[in-house]
Each structure stands twice: as C-alpha cells, then as structure tokens.
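Novice: One structure follows; several queries about it will come next.
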Amino acid sequence: MPARALCDARCILIYSTVLASLADSNLPPIDQNTAIFYKRYVIDEEYGGMAFEKEGERCAELFNEPKIKVMIMGNHGVLVIGSNVADTFNRLYYFERAVETYIKALWTGQPLRFLSDEIAEKTAVQWEKYPDSSQIFFAELKAILDEEEPSYRL
C-alpha cells in the first residue's frame, strides 16, 4: 500500500497485527521491552468474527488475571486495557515497540537470544513497580497535538 494512501491515518499498529497473524503469536522475552510483557498477555486463538454480543463477552472473559492487560487477538490485532487512557496508551506504545523488535529480529533469520524466565519475570515485576509516568507522557503528547494538530479535539 503506498504511503499516500495512509495520509488520514492517525494510529497504525503494524507489528502487533503481524504478530497476531502468526501461527505462534507468543512474544518471547528477547529484550527489555518484550520482557515487560512476560506472562502478561493472553492469546485469543478463537477468532469468531466481529466482537458483537457473545464474541465480545468471550474475549472479555480471557482477561481472567489482574496482571493480564494485553490480548493478542489471533487473525485480528491487539487489545490493550488499562486503568485510564494514559496508562492504556503507554502500555500499547511499549507493546507495539516490543513486537516491532521481535518481528525485526525474526526478519534477520538469525537465532534469537532469549532472556531466562527468571530475568524476564524480574524485569516485568520491576516495570510494574516503576513509578507511573504515563500521565506525564500522555500530557506531553497532547501538548504536541494541541500545537501541531489541534483538530484532534473535534
């Protein structure tokens, strides 16, 4: 698709959608960003069409653990939840970056270097305990948008 066809796009999740399209949609811990999501996502292997009524309820039930905040929706894309818009956006941003790293690493065709389960879990826990700065980052993003593209508020 030519870039000009995307001129009206405001948010594109390329890498997360690629991951959701793979037969194995797991995100292995290969760096700090991928480790943030270690055992903190669920994969929906049962794509059943648009998430109306029962399909939406089925998907919601997959968030059955408090630490699960990301759903990789097989054959569809990604769903991220959070306590507020800033928290959710921050998680989505880092998830997309993590998946980008993983997909680009796969492109090389070289063997991947995996973090141990212990280090991956330690990193995820450290991230959860790190002071939440998502509100600050989100406020800065809105300030940039206010200056560069104020029509987003319409």
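By order of appearance in the structure tokens: chains A, B, ..., then residues from 1 within every chain, and ligands from 1 in the order shown.
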Taking 6 positions as the minimum chain separation for residues in the same chain, which residues sit within 12 Å of segment 86-88 of chain A when counting only C-alpha atoms? Answer as an mmCIF file with N, CA and C atoms, in the first residue's frame.

Specialist:
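To be explicit, this is the file written out as result37.cif:
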data_model
loop_
_atom_site.group_PDB
_atom_site.id
_atom_site.type_symbol
_atom_site.label_atom_id
_atom_site.label_comp_id
_atom_site.auth_asym_id
_atom_site.auth_seq_id
_atom_site.Cartn_x
_atom_site.Cartn_y
_atom_site.Cartn_z
ATOM 1 N N LYS A 69 -3.065 -7.580 30.764
ATOM 2 C CA LYS A 69 -3.586 -6.298 30.282
ATOM 3 C C LYS A 69 -3.569 -6.205 28.758
ATOM 4 N N VAL A 70 -3.033 -7.250 28.095
ATOM 5 C CA VAL A 70 -2.913 -7.240 26.642
ATOM 6 C C VAL A 70 -3.490 -8.543 26.095
ATOM 7 N N LEU A 79 -5.571 -5.976 21.669
ATOM 8 C CA LEU A 79 -6.466 -5.235 22.554
ATOM 9 C C LEU A 79 -5.710 -4.992 23.845
ATOM 10 N N VAL A 80 -5.645 -3.739 24.262
ATOM 11 C CA VAL A 80 -4.919 -3.361 25.471
ATOM 12 C C VAL A 80 -5.888 -2.681 26.420
ATOM 13 N N TYR A 94 4.423 0.650 24.374
ATOM 14 C CA TYR A 94 5.540 -0.252 24.661
ATOM 15 C C TYR A 94 5.309 -1.642 24.091
ATOM 16 N N PHE A 95 4.063 -2.085 24.025
ATOM 17 C CA PHE A 95 3.796 -3.383 23.418
ATOM 18 C C PHE A 95 4.128 -3.341 21.932
ATOM 19 N N GLU A 128 6.427 -3.088 36.632
ATOM 20 C CA GLU A 128 5.168 -2.845 37.337
ATOM 21 C C GLU A 128 5.376 -1.973 38.570
ATOM 22 N N PRO A 131 7.827 3.840 39.004
ATOM 23 C CA PRO A 131 6.857 4.940 39.146
ATOM 24 C C PRO A 131 6.120 5.202 37.836
ATOM 25 N N ASP A 132 4.808 5.313 37.931
ATOM 26 C CA ASP A 132 3.968 5.516 36.754
ATOM 27 C C ASP A 132 4.130 6.938 36.237
ATOM 28 N N SER A 133 4.696 7.051 35.060
ATOM 29 C CA SER A 133 4.868 8.367 34.442
ATOM 30 C C SER A 133 3.976 8.505 33.215
ATOM 31 N N SER A 134 3.028 7.580 33.048
ATOM 32 C CA SER A 134 2.185 7.601 31.853
ATOM 33 C C SER A 134 1.385 8.899 31.734
ATOM 34 N N GLN A 135 0.930 9.461 32.856
ATOM 35 C CA GLN A 135 0.169 10.716 32.807
ATOM 36 C C GLN A 135 1.033 11.860 32.269
ATOM 37 N N ILE A 136 2.296 11.892 32.677
ATOM 38 C CA ILE A 136 3.214 12.935 32.209
ATOM 39 C C ILE A 136 3.454 12.795 30.714
ATOM 40 N N PHE A 137 3.750 11.555 30.264
ATOM 41 C CA PHE A 137 3.992 11.324 28.844
ATOM 42 C C PHE A 137 2.761 11.658 28.013
ATOM 43 N N PHE A 138 1.589 11.245 28.502
ATOM 44 C CA PHE A 138 0.355 11.487 27.757
ATOM 45 C C PHE A 138 0.053 12.983 27.672
ATOM 46 N N ALA A 139 0.297 13.723 28.745
ATOM 47 C CA ALA A 139 0.091 15.175 28.732
ATOM 48 C C ALA A 139 1.010 15.828 27.705
ATOM 49 N N GLU A 140 2.248 15.346 27.611
ATOM 50 C CA GLU A 140 3.188 15.895 26.622
ATOM 51 C C GLU A 140 2.728 15.591 25.199
ATOM 52 N N LEU A 141 2.232 14.380 24.984
ATOM 53 C CA LEU A 141 1.712 14.040 23.661
ATOM 54 C C LEU A 141 0.545 14.948 23.281
ATOM 55 N N LYS A 142 -0.351 15.182 24.224
ATOM 56 C CA LYS A 142 -1.486 16.063 23.950
ATOM 57 C C LYS A 142 -1.014 17.488 23.677
#

Novice: Excluding Val99 of chain A and any residue of its chain fewer than 3 positions from it, enumerate the residues within 8 Å of it, using only C-alpha atoms, and give them as a PyMOL selection string.

Specialist: chain A and resi 15-16+19+27+34+95-96+102-103

Novice: Between A:Pro150, A:Val85, A:Asp44, A:Ala143, which has the minimum distance to Arg58 of chain A (counting only C-alpha atoms)?

Specialist: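 Nearest candidate to Arg58 of chain A out of A:Pro150, A:Val85, A:Asp44, A:Ala143: A:Asp44.
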
Novice: Where does DSSP see helix (DSSP H, G or I) in chain A, if you list the residues as a VMD selection string?

Specialist: chain A and resid 3 to 6 14 to 21 32 to 36 53 to 61 85 to 107 117 to 129 134 to 148 150 to 153

Novice: DSSP says strand (DSSP E or B) for which residues of segment 26-88 of chain A? Put them as a list in words?

Specialist: Tyr41, Val42, Ile43, Asp44, Val70, Met71, Ile72, Met73, Gly77, Val78, Leu79 and Val80 of chain A

Novice: Go through A:Ala120, A:Tyr41, A:Glu46, A:Gly77 and flag the residue nearest Glu65 of chain A, using only C-alpha atoms for the distances.

Specialist: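 Nearest candidate to Glu65 of chain A out of A:Ala120, A:Tyr41, A:Glu46, A:Gly77: A:Tyr41.
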
Novice: Give me the residues near Ala105 of chain A as a ChimeraX atom specification, where near means some atom within 12 Å (using only C-alpha atoms) and where sequence neighbours in that chain fewer than 2 positions away do not count.

Specialist: /A:15,27-31,34,98-103,107-114

Novice: For the selection you just gave me, I'd like the residues written to a file as a compact mmCIF listing (two decimals), in the first residue's frame, keeping C-alpha atoms.

Specialist:
# COMPACT_ATOMS: atom_id res chain seq x y z
CA TYR A 15 3.82 -5.02 14.16
CA LEU A 27 6.05 -12.72 22.30
CA PRO A 28 9.22 -14.26 23.69
CA PRO A 29 11.45 -12.23 26.03
CA ILE A 30 14.36 -11.18 23.84
CA ASP A 31 14.96 -7.68 25.21
CA THR A 34 9.49 -7.77 25.36
CA ALA A 98 8.32 -4.79 21.83
CA VAL A 99 6.61 -6.57 18.97
CA GLU A 100 8.49 -4.43 16.45
CA THR A 101 11.78 -5.57 17.97
CA TYR A 102 10.68 -9.20 17.86
CA ILE A 103 9.39 -9.08 14.26
CA TRP A 107 13.46 -10.92 9.75
CA THR A 108 17.19 -11.44 10.20
CA GLY A 109 16.80 -15.21 10.08
CA GLN A 110 19.44 -15.46 12.79
CA PRO A 111 18.97 -17.39 16.05
CA LEU A 112 17.34 -15.28 18.76
CA ARG A 113 18.88 -14.64 22.19
CA PHE A 114 16.22 -15.31 24.82

Novice: Go ahead and compute the interatomic distance for atom CA of Trp127 of chain A and atom CA of Ala23 of chain A, in Å to one decimal.

Specialist: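 Computing it gives 28.4 Å between the two atoms.
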
Novice: Atom CA of Asn90 of chain A and atom CA of Gly49 of chain A are how many Å apart?

Specialist: 27.5 Å

Novice: For each of A:Asp24, A:Ile72, A:Glu149, A:Lys104, take the minimum atom-to-atom distance to Ile43 of chain A, counting only C-alpha atoms, then give the residue where this is smallest.

Specialist: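 Ranked by minimum distance to Ile43 of chain A, first place goes to A:Ile72.
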
Novice: Grab the atom CA of Leu154 of chain A to atom CA of Ile81 of chain A distance for me, in Å with one decimal place.

Specialist: 24.1 Å

Novice: Taking into account only C-alpha atoms, which residue in the set A:Asn26, A:Ser116, A:Thr123, A:Asn33 is nearest to Leu92 of chain A?

Specialist: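 Using only C-alpha atoms, Leu92 of chain A sits closest to A:Asn33.
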